[in-house]
Amino acid sequence: MTSKDNVQAALIDSLNGLLADTFALYVKTKNFHWHVKGPQFRDLHLLFDEHATEIFALTDLVAERVRKQGGKTLTSPDAISARTRIEPQDSTDLDAMAMVRELHEDNLSYVERLREVKAAAGEAGDNATDGIVDDWTDQAEQRAWFLREILA
């Protein structure tokens, strides 16, 4: 492999890591949407659904960036599980604020992953990925902000 091939492979790898985190964050957010309870039920139920919808919309965009770079995307739940940095949460009994805290931390982690993708895109000279990641970062930062303000 040439140096250019290595840089391209690193970009594809970082995009697939982002894809794994996107799917995992979507499922976790949807889980909390389904299982939230308490005095803020309605507001959090709707917020989590709004966030999940926004996150799910990114899955296809991220996967298509992988394909446009000549790579193969993740192909199974096992592949997603192996690559994600989003910690799983299988409990359906968390209190609402614990859910908000976890999603806040997860969205901050997602921002870090986006920054890694942006750096890899810059290294590879992929202006399209480099640019679009800014929009995805803004979305994740907004989600983290909303969640942080609930915790204040």
# chains A, B, ... in the order shown; residues from 1 in each chain; ligands from 1

$ residues_around --residues "Asp43 in chain A" --least-positions-apart "3" --cutoff "12 Å" --atoms "only C-alpha atoms" --output "PyMOL selection string"
chain A and resi 33+36-40+46-50+96+100+146-147+150

$ select_by_dssp --residues "range 5-88 of chain A" --states "alpha helix (DSSP H)" --output "JSON, numbers by chain"
{"A": [5, 6, 7, 8, 9, 10, 11, 12, 13, 14, 15, 16, 17, 18, 19, 20, 21, 22, 23, 24, 25, 26, 27, 28, 29, 30, 31, 32, 33, 34, 35, 41, 42, 43, 44, 45, 46, 47, 48, 49, 50, 51, 52, 53, 54, 55, 56, 57, 58, 59, 60, 61, 62, 63, 64, 65, 66, 67, 68, 77, 78, 79, 80, 81, 82, 83]}

$ closest_atom_pairs --of "range 5-35 of chain A" --to "range 125-138 of chain A" --cutoff "10 Å" --atoms "only C-alpha atoms" --output "JSON lines"
{"residue": "A:Val7", "atom": "CA", "partner": "A:Gly125", "partner_atom": "CA", "distance": 9.3}
{"residue": "A:Gln8", "atom": "CA", "partner": "A:Asp126", "partner_atom": "CA", "distance": 9.1}
{"residue": "A:Leu11", "atom": "CA", "partner": "A:Asp126", "partner_atom": "CA", "distance": 8.9}
{"residue": "A:Leu15", "atom": "CA", "partner": "A:Thr129", "partner_atom": "CA", "distance": 9.4}

$ write_last_selection --atoms "N, CA and C atoms" --output "PDB file, in the first residue's frame"
ATOM      1  N   VAL A   7      -3.705   6.529   3.880  1.00  0.00           N
ATOM      2  CA  VAL A   7      -4.503   7.683   4.313  1.00  0.00           C
ATOM      3  C   VAL A   7      -5.970   7.445   3.959  1.00  0.00           C
ATOM      4  N   GLN A   8      -6.204   6.920   2.767  1.00  0.00           N
ATOM      5  CA  GLN A   8      -7.572   6.622   2.333  1.00  0.00           C
ATOM      6  C   GLN A   8      -8.192   5.531   3.211  1.00  0.00           C
ATOM      7  N   LEU A  11      -9.236   6.986   6.496  1.00  0.00           N
ATOM      8  CA  LEU A  11     -10.486   7.742   6.372  1.00  0.00           C
ATOM      9  C   LEU A  11     -11.682   6.796   6.365  1.00  0.00           C
ATOM     10  N   LEU A  15     -14.646   6.615   9.130  1.00  0.00           N
ATOM     11  CA  LEU A  15     -16.058   6.742   8.748  1.00  0.00           C
ATOM     12  C   LEU A  15     -16.860   5.539   9.227  1.00  0.00           C
TER      13      LEU A  15
END

$ closest_residue --among "A:Lys30, A:His35, A:His104, A:Arg148" --to "Ser91 in chain A" --atoms "only C-alpha atoms"
A:His35

$ residues_around --residues "Thr84 in chain A" --least-positions-apart "4" --cutoff "8 Å" --atoms "only C-alpha atoms" --output "JSON, numbers by chain"
{"A": [17, 18, 20, 21, 24, 80]}

$ closest_residue --among "A:Gln139, A:Asn16, A:Asn31, A:Asn107" --to "Ile86 in chain A" --atoms "only C-alpha atoms"
A:Asn107

$ closest_residue --among "A:Ile12, A:Lys68, A:Met99, A:Leu114" --to "Phe41 in chain A" --atoms "only C-alpha atoms"
A:Met99

$ atom_distance --atom1 "CA of Thr59 in chain A" --atom2 "CA of Leu19 in chain A"
6.3 Å

$ atom_distance --atom1 "CA of Ala63 in chain A" --atom2 "CA of Asp106 in chain A"
20.1 Å

$ closest_residue --among "A:Glu102, A:Ala82, A:Ser14, A:Thr29" --to "Arg115 in chain A" --atoms "only C-alpha atoms"
A:Ser14

$ atom_distance --atom1 "CA of Leu108 in chain A" --atom2 "CA of Ala120 in chain A"
18.8 Å
